[in-house]
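Pasted below: structure29.cif, mmCIF, all heavy atoms.
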data_target
loop_
_atom_site.label_atom_id
_atom_site.label_comp_id
_atom_site.auth_asym_id
_atom_site.auth_seq_id
_atom_site.Cartn_x
_atom_site.Cartn_y
_atom_site.Cartn_z
N MET S 1 116.41 124.79 6.71
CA MET S 1 117.13 123.53 6.85
C MET S 1 116.25 122.38 6.38
O MET S 1 115.07 122.33 6.67
CB MET S 1 117.51 123.33 8.32
CG MET S 1 118.15 121.99 8.57
SD MET S 1 118.83 121.88 10.21
CE MET S 1 119.53 120.26 10.11
N GLN S 2 116.85 121.45 5.66
CA GLN S 2 116.11 120.31 5.12
C GLN S 2 116.46 119.06 5.90
O GLN S 2 117.62 118.70 6.01
CB GLN S 2 116.48 120.13 3.64
CG GLN S 2 115.54 119.19 2.91
CD GLN S 2 114.25 119.89 2.47
OE1 GLN S 2 114.24 121.11 2.33
NE2 GLN S 2 113.20 119.15 2.26
N LEU S 3 115.45 118.43 6.49
CA LEU S 3 115.70 117.23 7.27
C LEU S 3 114.86 116.11 6.67
O LEU S 3 113.70 115.96 6.99
CB LEU S 3 115.32 117.48 8.73
CG LEU S 3 115.96 116.54 9.75
CD1 LEU S 3 117.46 116.81 9.84
CD2 LEU S 3 115.34 116.75 11.12
N GLY S 4 115.45 115.35 5.74
CA GLY S 4 114.69 114.31 5.06
C GLY S 4 113.58 114.96 4.26
O GLY S 4 113.78 116.00 3.64
N PRO S 5 112.38 114.40 4.26
CA PRO S 5 111.26 114.96 3.50
C PRO S 5 110.62 116.15 4.21
O PRO S 5 109.77 116.81 3.65
CB PRO S 5 110.28 113.79 3.42
CG PRO S 5 110.57 112.98 4.62
CD PRO S 5 112.04 113.16 4.93
N PHE S 6 111.02 116.44 5.43
CA PHE S 6 110.38 117.51 6.19
C PHE S 6 111.19 118.78 6.12
O PHE S 6 112.41 118.76 6.18
CB PHE S 6 110.24 117.11 7.67
CG PHE S 6 109.58 115.78 7.86
CD1 PHE S 6 110.32 114.69 8.24
CD2 PHE S 6 108.22 115.63 7.64
CE1 PHE S 6 109.72 113.45 8.41
CE2 PHE S 6 107.61 114.40 7.80
CZ PHE S 6 108.35 113.31 8.19
N LYS S 7 110.48 119.91 6.00
CA LYS S 7 111.18 121.19 6.08
C LYS S 7 111.08 121.65 7.53
O LYS S 7 110.01 121.68 8.11
CB LYS S 7 110.49 122.21 5.14
CG LYS S 7 111.53 122.96 4.33
CD LYS S 7 110.87 123.84 3.30
CE LYS S 7 111.90 124.74 2.62
NZ LYS S 7 113.21 124.08 2.40
N VAL S 8 112.23 121.97 8.10
CA VAL S 8 112.25 122.28 9.52
C VAL S 8 112.70 123.72 9.73
O VAL S 8 113.73 124.14 9.23
CB VAL S 8 113.23 121.34 10.26
CG1 VAL S 8 113.21 121.61 11.76
CG2 VAL S 8 112.86 119.88 9.99
N THR S 9 111.90 124.47 10.46
CA THR S 9 112.29 125.83 10.81
C THR S 9 113.24 125.77 12.00
O THR S 9 113.21 124.81 12.76
CB THR S 9 111.06 126.68 11.18
OG1 THR S 9 110.46 126.11 12.33
CG2 THR S 9 110.04 126.70 10.05
N PRO S 10 114.07 126.78 12.18
CA PRO S 10 115.02 126.76 13.31
C PRO S 10 114.32 126.57 14.65
O PRO S 10 114.85 125.89 15.53
CB PRO S 10 115.67 128.14 13.23
CG PRO S 10 115.58 128.51 11.80
CD PRO S 10 114.29 127.91 11.30
N ASP S 11 113.12 127.14 14.82
CA ASP S 11 112.39 126.98 16.08
C ASP S 11 112.06 125.51 16.31
O ASP S 11 112.29 124.98 17.40
CB ASP S 11 111.08 127.78 16.05
CG ASP S 11 111.36 129.27 16.20
OD1 ASP S 11 112.50 129.61 16.59
OD2 ASP S 11 110.47 130.07 15.92
N GLN S 12 111.50 124.88 15.28
CA GLN S 12 111.16 123.46 15.42
C GLN S 12 112.41 122.63 15.69
O GLN S 12 112.40 121.68 16.47
CB GLN S 12 110.49 122.96 14.13
CG GLN S 12 109.07 123.48 13.97
CD GLN S 12 108.50 123.12 12.61
OE1 GLN S 12 109.22 123.15 11.62
NE2 GLN S 12 107.23 122.79 12.56
N TYR S 13 113.52 123.01 15.02
CA TYR S 13 114.76 122.26 15.16
C TYR S 13 115.26 122.33 16.60
O TYR S 13 115.66 121.32 17.18
CB TYR S 13 115.81 122.82 14.20
CG TYR S 13 117.09 122.03 14.20
CD1 TYR S 13 117.09 120.69 13.81
CD2 TYR S 13 118.28 122.61 14.60
CE1 TYR S 13 118.26 119.95 13.81
CE2 TYR S 13 119.46 121.87 14.61
CZ TYR S 13 119.44 120.55 14.21
OH TYR S 13 120.59 119.83 14.22
N SER S 14 115.22 123.50 17.21
CA SER S 14 115.69 123.64 18.59
C SER S 14 114.75 122.88 19.53
O SER S 14 115.19 122.32 20.52
CB SER S 14 115.78 125.11 18.99
OG SER S 14 114.50 125.68 19.02
N LEU S 15 113.46 122.86 19.19
CA LEU S 15 112.51 122.10 20.01
C LEU S 15 112.85 120.61 19.95
O LEU S 15 112.87 119.92 20.97
CB LEU S 15 111.08 122.34 19.50
CG LEU S 15 109.99 121.64 20.31
CD1 LEU S 15 109.83 122.30 21.66
CD2 LEU S 15 108.67 121.67 19.55
N VAL S 16 113.13 120.13 18.75
CA VAL S 16 113.49 118.72 18.58
C VAL S 16 114.77 118.41 19.36
O VAL S 16 114.87 117.38 20.02
CB VAL S 16 113.68 118.39 17.08
CG1 VAL S 16 114.36 117.03 16.90
CG2 VAL S 16 112.32 118.40 16.39
N LYS S 17 115.74 119.33 19.28
CA LYS S 17 116.99 119.12 20.01
C LYS S 17 116.74 119.07 21.52
O LYS S 17 117.32 118.25 22.23
CB LYS S 17 117.99 120.24 19.69
CG LYS S 17 118.80 119.97 18.45
CD LYS S 17 120.13 120.69 18.47
CE LYS S 17 119.92 122.19 18.50
NZ LYS S 17 121.17 122.91 18.18
N THR S 18 115.85 119.94 21.99
CA THR S 18 115.52 119.97 23.42
C THR S 18 114.88 118.64 23.83
O THR S 18 115.23 118.05 24.85
CB THR S 18 114.57 121.13 23.73
OG1 THR S 18 115.16 122.35 23.27
CG2 THR S 18 114.30 121.24 25.22
N LEU S 19 113.92 118.19 23.01
CA LEU S 19 113.25 116.92 23.32
C LEU S 19 114.25 115.77 23.33
O LEU S 19 114.21 114.91 24.20
CB LEU S 19 112.15 116.64 22.28
CG LEU S 19 110.88 117.47 22.45
CD1 LEU S 19 109.92 117.21 21.30
CD2 LEU S 19 110.20 117.14 23.78
N ALA S 20 115.16 115.77 22.36
CA ALA S 20 116.17 114.71 22.29
C ALA S 20 117.05 114.74 23.53
O ALA S 20 117.39 113.70 24.09
CB ALA S 20 117.02 114.89 21.03
N ALA S 21 117.41 115.95 23.98
CA ALA S 21 118.25 116.08 25.17
C ALA S 21 117.52 115.54 26.40
O ALA S 21 118.09 114.81 27.21
CB ALA S 21 118.64 117.54 25.38
N ILE S 22 116.23 115.89 26.52
CA ILE S 22 115.44 115.42 27.67
C ILE S 22 115.35 113.89 27.64
O ILE S 22 115.53 113.23 28.67
CB ILE S 22 114.03 116.05 27.63
CG1 ILE S 22 114.14 117.55 27.92
CG2 ILE S 22 113.12 115.37 28.64
CD1 ILE S 22 112.84 118.30 27.71
N LEU S 23 115.11 113.33 26.46
CA LEU S 23 115.02 111.87 26.33
C LEU S 23 116.34 111.23 26.73
O LEU S 23 116.36 110.22 27.43
CB LEU S 23 114.67 111.50 24.89
CG LEU S 23 113.18 111.48 24.56
CD1 LEU S 23 112.97 111.20 23.08
CD2 LEU S 23 112.46 110.45 25.40
N GLY S 24 117.44 111.82 26.29
CA GLY S 24 118.76 111.29 26.61
C GLY S 24 118.99 111.29 28.12
O GLY S 24 119.47 110.31 28.68
N VAL S 25 118.63 112.39 28.76
CA VAL S 25 118.81 112.50 30.22
C VAL S 25 117.97 111.45 30.92
O VAL S 25 118.42 110.78 31.86
CB VAL S 25 118.45 113.92 30.70
CG1 VAL S 25 118.34 113.96 32.22
CG2 VAL S 25 119.49 114.92 30.21
N LEU S 26 116.71 111.28 30.46
CA LEU S 26 115.83 110.29 31.08
C LEU S 26 116.41 108.89 30.93
O LEU S 26 116.37 108.08 31.87
CB LEU S 26 114.43 110.35 30.44
CG LEU S 26 113.57 111.54 30.88
CD1 LEU S 26 112.25 111.54 30.13
CD2 LEU S 26 113.33 111.49 32.38
N LEU S 27 116.96 108.60 29.75
CA LEU S 27 117.55 107.28 29.52
C LEU S 27 118.72 107.05 30.47
O LEU S 27 118.85 105.98 31.08
CB LEU S 27 118.04 107.18 28.06
CG LEU S 27 116.98 106.75 27.06
CD1 LEU S 27 117.52 106.84 25.64
CD2 LEU S 27 116.50 105.34 27.35
N ILE S 28 119.58 108.07 30.60
CA ILE S 28 120.76 107.94 31.48
C ILE S 28 120.31 107.75 32.92
O ILE S 28 120.83 106.89 33.64
CB ILE S 28 121.65 109.20 31.33
CG1 ILE S 28 122.30 109.19 29.94
CG2 ILE S 28 122.72 109.22 32.42
CD1 ILE S 28 122.99 110.50 29.61
N LEU S 29 119.31 108.53 33.34
CA LEU S 29 118.81 108.41 34.71
C LEU S 29 118.23 107.01 34.94
O LEU S 29 118.44 106.40 35.98
CB LEU S 29 117.74 109.47 34.98
CG LEU S 29 118.29 110.88 35.24
CD1 LEU S 29 117.13 111.87 35.43
CD2 LEU S 29 119.18 110.90 36.47
N GLY S 30 117.48 106.51 33.97
CA GLY S 30 116.88 105.19 34.09
C GLY S 30 117.96 104.12 34.21
O GLY S 30 117.86 103.22 35.04
N ALA S 31 119.01 104.24 33.40
CA ALA S 31 120.09 103.27 33.46
C ALA S 31 120.80 103.33 34.81
O ALA S 31 121.09 102.30 35.41
CB ALA S 31 121.09 103.53 32.32
N LEU S 32 121.04 104.55 35.29
CA LEU S 32 121.69 104.72 36.59
C LEU S 32 120.85 104.11 37.70
O LEU S 32 121.35 103.41 38.57
CB LEU S 32 121.88 106.22 36.87
CG LEU S 32 123.28 106.79 36.58
CD1 LEU S 32 123.29 108.29 36.83
CD2 LEU S 32 124.31 106.10 37.44
N PHE S 33 119.55 104.39 37.65
CA PHE S 33 118.63 103.89 38.68
C PHE S 33 118.65 102.37 38.71
O PHE S 33 118.76 101.74 39.76
CB PHE S 33 117.22 104.41 38.38
CG PHE S 33 116.21 104.02 39.43
CD1 PHE S 33 116.30 104.54 40.71
CD2 PHE S 33 115.19 103.13 39.13
CE1 PHE S 33 115.37 104.20 41.68
CE2 PHE S 33 114.26 102.78 40.10
CZ PHE S 33 114.36 103.32 41.37
N THR S 34 118.57 101.75 37.53
CA THR S 34 118.59 100.29 37.43
C THR S 34 119.90 99.74 37.98
O THR S 34 119.93 98.76 38.72
CB THR S 34 118.43 99.86 35.96
OG1 THR S 34 117.29 100.52 35.43
CG2 THR S 34 118.21 98.36 35.84
N PHE S 35 121.01 100.41 37.62
CA PHE S 35 122.33 99.96 38.06
C PHE S 35 122.43 100.04 39.58
O PHE S 35 122.87 99.09 40.24
CB PHE S 35 123.39 100.85 37.41
CG PHE S 35 124.77 100.58 37.92
CD1 PHE S 35 125.41 99.38 37.62
CD2 PHE S 35 125.43 101.52 38.69
CE1 PHE S 35 126.69 99.14 38.09
CE2 PHE S 35 126.71 101.27 39.17
CZ PHE S 35 127.34 100.08 38.86
N LEU S 36 121.98 101.15 40.15
CA LEU S 36 122.06 101.33 41.60
C LEU S 36 121.19 100.30 42.32
O LEU S 36 121.55 99.78 43.37
CB LEU S 36 121.63 102.75 41.99
CG LEU S 36 122.66 103.83 41.66
CD1 LEU S 36 122.09 105.21 41.97
CD2 LEU S 36 123.94 103.61 42.46
N ARG S 37 120.02 100.02 41.74
CA ARG S 37 119.11 99.06 42.37
C ARG S 37 119.73 97.67 42.37
O ARG S 37 119.67 96.95 43.37
CB ARG S 37 117.77 99.05 41.63
CG ARG S 37 116.60 98.98 42.58
CD ARG S 37 115.28 99.21 41.91
NE ARG S 37 115.24 98.60 40.59
CZ ARG S 37 114.18 98.63 39.81
NH1 ARG S 37 113.09 99.25 40.21
NH2 ARG S 37 114.20 98.08 38.64
N SER S 38 120.33 97.27 41.26
CA SER S 38 120.95 95.94 41.21
C SER S 38 122.15 95.89 42.15
O SER S 38 122.43 94.87 42.78
CB SER S 38 121.39 95.61 39.78
OG SER S 38 122.47 96.43 39.39
N LEU S 39 122.85 97.03 42.27
CA LEU S 39 123.99 97.10 43.18
C LEU S 39 123.52 96.92 44.62
O LEU S 39 124.11 96.18 45.40
CB LEU S 39 124.67 98.46 43.01
CG LEU S 39 126.17 98.52 43.31
CD1 LEU S 39 126.94 97.67 42.31
CD2 LEU S 39 126.64 99.96 43.26
N ALA S 40 122.42 97.59 44.97
CA ALA S 40 121.88 97.50 46.33
C ALA S 40 121.44 96.07 46.62
O ALA S 40 121.68 95.54 47.70
CB ALA S 40 120.71 98.46 46.48
N ALA S 41 120.81 95.42 45.64
CA ALA S 41 120.36 94.04 45.84
C ALA S 41 121.56 93.14 46.06
O ALA S 41 121.54 92.26 46.92
CB ALA S 41 119.57 93.59 44.62
N ARG S 42 122.64 93.36 45.32
CA ARG S 42 123.83 92.53 45.46
C ARG S 42 124.45 92.75 46.85
O ARG S 42 124.87 91.81 47.51
CB ARG S 42 124.85 92.89 44.37
CG ARG S 42 125.76 91.73 44.03
CD ARG S 42 126.66 92.07 42.86
NE ARG S 42 125.90 92.42 41.67
CZ ARG S 42 126.24 93.39 40.81
NH1 ARG S 42 127.31 94.12 41.03
NH2 ARG S 42 125.51 93.63 39.76
N ASN S 43 124.47 94.00 47.30
CA ASN S 43 125.03 94.30 48.62
C ASN S 43 124.20 93.64 49.71
O ASN S 43 124.74 93.14 50.69
CB ASN S 43 125.04 95.83 48.85
CG ASN S 43 126.19 96.49 48.10
OD1 ASN S 43 127.08 95.81 47.60
ND2 ASN S 43 126.15 97.79 47.98
N ARG S 44 122.87 93.65 49.54
CA ARG S 44 121.99 93.03 50.54
C ARG S 44 122.27 91.52 50.62
O ARG S 44 122.36 90.95 51.69
CB ARG S 44 120.53 93.29 50.17
CG ARG S 44 119.67 93.58 51.40
CD ARG S 44 118.25 93.97 51.01
NE ARG S 44 118.21 95.25 50.29
CZ ARG S 44 117.66 95.40 49.09
NH1 ARG S 44 117.10 94.38 48.47
NH2 ARG S 44 117.65 96.57 48.51
N GLN S 45 122.43 90.89 49.47
CA GLN S 45 122.72 89.45 49.44
C GLN S 45 124.06 89.16 50.13
O GLN S 45 124.19 88.24 50.91
CB GLN S 45 122.77 88.95 47.99
CG GLN S 45 121.38 88.83 47.38
CD GLN S 45 121.45 88.45 45.90
OE1 GLN S 45 122.53 88.51 45.33
NE2 GLN S 45 120.34 88.10 45.32
N ALA S 46 125.05 90.00 49.84
CA ALA S 46 126.38 89.82 50.43
C ALA S 46 126.30 89.98 51.95
O ALA S 46 126.95 89.24 52.69
CB ALA S 46 127.35 90.82 49.83
N ALA S 47 125.51 90.94 52.40
CA ALA S 47 125.37 91.17 53.85
C ALA S 47 124.72 89.97 54.52
O ALA S 47 125.12 89.56 55.62
CB ALA S 47 124.56 92.43 54.09
N GLN S 48 123.73 89.38 53.86
CA GLN S 48 123.06 88.23 54.45
C GLN S 48 124.00 87.03 54.51
O GLN S 48 123.99 86.25 55.45
CB GLN S 48 121.83 87.87 53.63
CG GLN S 48 120.66 88.85 53.89
CD GLN S 48 119.51 88.60 52.92
OE1 GLN S 48 119.64 87.80 52.01
NE2 GLN S 48 118.41 89.30 53.12
N GLN S 49 124.84 86.86 53.48
CA GLN S 49 125.73 85.71 53.44
C GLN S 49 126.85 85.84 54.48
O GLN S 49 127.32 84.86 55.03
CB GLN S 49 126.37 85.60 52.04
CG GLN S 49 125.36 85.05 51.01
CD GLN S 49 125.91 85.17 49.60
OE1 GLN S 49 126.97 85.68 49.40
NE2 GLN S 49 125.14 84.71 48.63
N SER S 50 127.27 87.07 54.77
CA SER S 50 128.42 87.26 55.69
C SER S 50 128.01 87.05 57.15
O SER S 50 128.85 86.89 58.00
CB SER S 50 128.99 88.66 55.49
OG SER S 50 128.07 89.63 55.95
N LYS S 51 126.70 87.05 57.42
CA LYS S 51 126.26 86.86 58.81
C LYS S 51 126.51 85.43 59.28
O LYS S 51 126.32 84.50 58.54
CB LYS S 51 124.76 87.18 58.93
CG LYS S 51 124.52 88.67 58.99
CD LYS S 51 123.03 88.97 59.13
CE LYS S 51 122.80 90.48 59.11
NZ LYS S 51 121.39 90.82 59.02
#
As structure tokens, how would this structure be written, given the file I've shared?
Amino acid sequence: MQLGPFKVTPDQYSLVKTLAAILGVLLILGALFTFLRSLAARNRQAAQQSK
């Protein structure tokens, strides 16, 4: 398989795919974590205001 100027063997290609999948999962987890944290902060503010 030809990938740009690099010749890639199937083994290397599956390794790259695995790395890409891991990176994708990490990105999704990071986004989720950030979202949950901002959500928790918003809930805390709302709880303080309702008192």
Exercise for review: Write out as a PyMOL selection string all residues of chain S that backbone DSSP assigns to alpha helix (DSSP H).
Suggested key: chain S and resi 10-50
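In this model, the gap between atom C of S:Gln12 and atom CA of S:Ala31 comes to 27.4 Å.
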Point to revise | Members of chain S assigned strand (DSSP E or B) by DSSP, as a PyMOL selection string | key: chain S and resi 2-3+6-7
So that I have them on file, write out the residues from the current selection with all heavy atoms, as an mmCIF file, keeping the file's coordinate frame.
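As a result, again_3.cif now contains:
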data_model
loop_
_atom_site.group_PDB
_atom_site.id
_atom_site.type_symbol
_atom_site.label_atom_id
_atom_site.label_comp_id
_atom_site.auth_asym_id
_atom_site.auth_seq_id
_atom_site.Cartn_x
_atom_site.Cartn_y
_atom_site.Cartn_z
ATOM 1 N N GLN S 2 116.850 121.450 5.660
ATOM 2 C CA GLN S 2 116.110 120.310 5.120
ATOM 3 C C GLN S 2 116.460 119.060 5.900
ATOM 4 O O GLN S 2 117.620 118.700 6.010
ATOM 5 C CB GLN S 2 116.480 120.130 3.640
ATOM 6 C CG GLN S 2 115.540 119.190 2.910
ATOM 7 C CD GLN S 2 114.250 119.890 2.470
ATOM 8 O OE1 GLN S 2 114.240 121.110 2.330
ATOM 9 N NE2 GLN S 2 113.200 119.150 2.260
ATOM 10 N N LEU S 3 115.450 118.430 6.490
ATOM 11 C CA LEU S 3 115.700 117.230 7.270
ATOM 12 C C LEU S 3 114.860 116.110 6.670
ATOM 13 O O LEU S 3 113.700 115.960 6.990
ATOM 14 C CB LEU S 3 115.320 117.480 8.730
ATOM 15 C CG LEU S 3 115.960 116.540 9.750
ATOM 16 C CD1 LEU S 3 117.460 116.810 9.840
ATOM 17 C CD2 LEU S 3 115.340 116.750 11.120
ATOM 18 N N PHE S 6 111.020 116.440 5.430
ATOM 19 C CA PHE S 6 110.380 117.510 6.190
ATOM 20 C C PHE S 6 111.190 118.780 6.120
ATOM 21 O O PHE S 6 112.410 118.760 6.180
ATOM 22 C CB PHE S 6 110.240 117.110 7.670
ATOM 23 C CG PHE S 6 109.580 115.780 7.860
ATOM 24 C CD1 PHE S 6 110.320 114.690 8.240
ATOM 25 C CD2 PHE S 6 108.220 115.630 7.640
ATOM 26 C CE1 PHE S 6 109.720 113.450 8.410
ATOM 27 C CE2 PHE S 6 107.610 114.400 7.800
ATOM 28 C CZ PHE S 6 108.350 113.310 8.190
ATOM 29 N N LYS S 7 110.480 119.910 6.000
ATOM 30 C CA LYS S 7 111.180 121.190 6.080
ATOM 31 C C LYS S 7 111.080 121.650 7.530
ATOM 32 O O LYS S 7 110.010 121.680 8.110
ATOM 33 C CB LYS S 7 110.490 122.210 5.140
ATOM 34 C CG LYS S 7 111.530 122.960 4.330
ATOM 35 C CD LYS S 7 110.870 123.840 3.300
ATOM 36 C CE LYS S 7 111.900 124.740 2.620
ATOM 37 N NZ LYS S 7 113.210 124.080 2.400
#
Review point. Atom C of S:Gly30 to atom NH2 of S:Arg44: how many Å, to one decimal?
Key: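 Here the two named atoms are 16.2 Å from each other.
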Check your understanding: What is the distance between atom N of S:Asp11 and atom CD2 of S:Leu23, in Å to one decimal?
Key ->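 Atom-to-atom, atom N of S:Asp11 and atom CD2 of S:Leu23 are spaced 19.8 Å apart.
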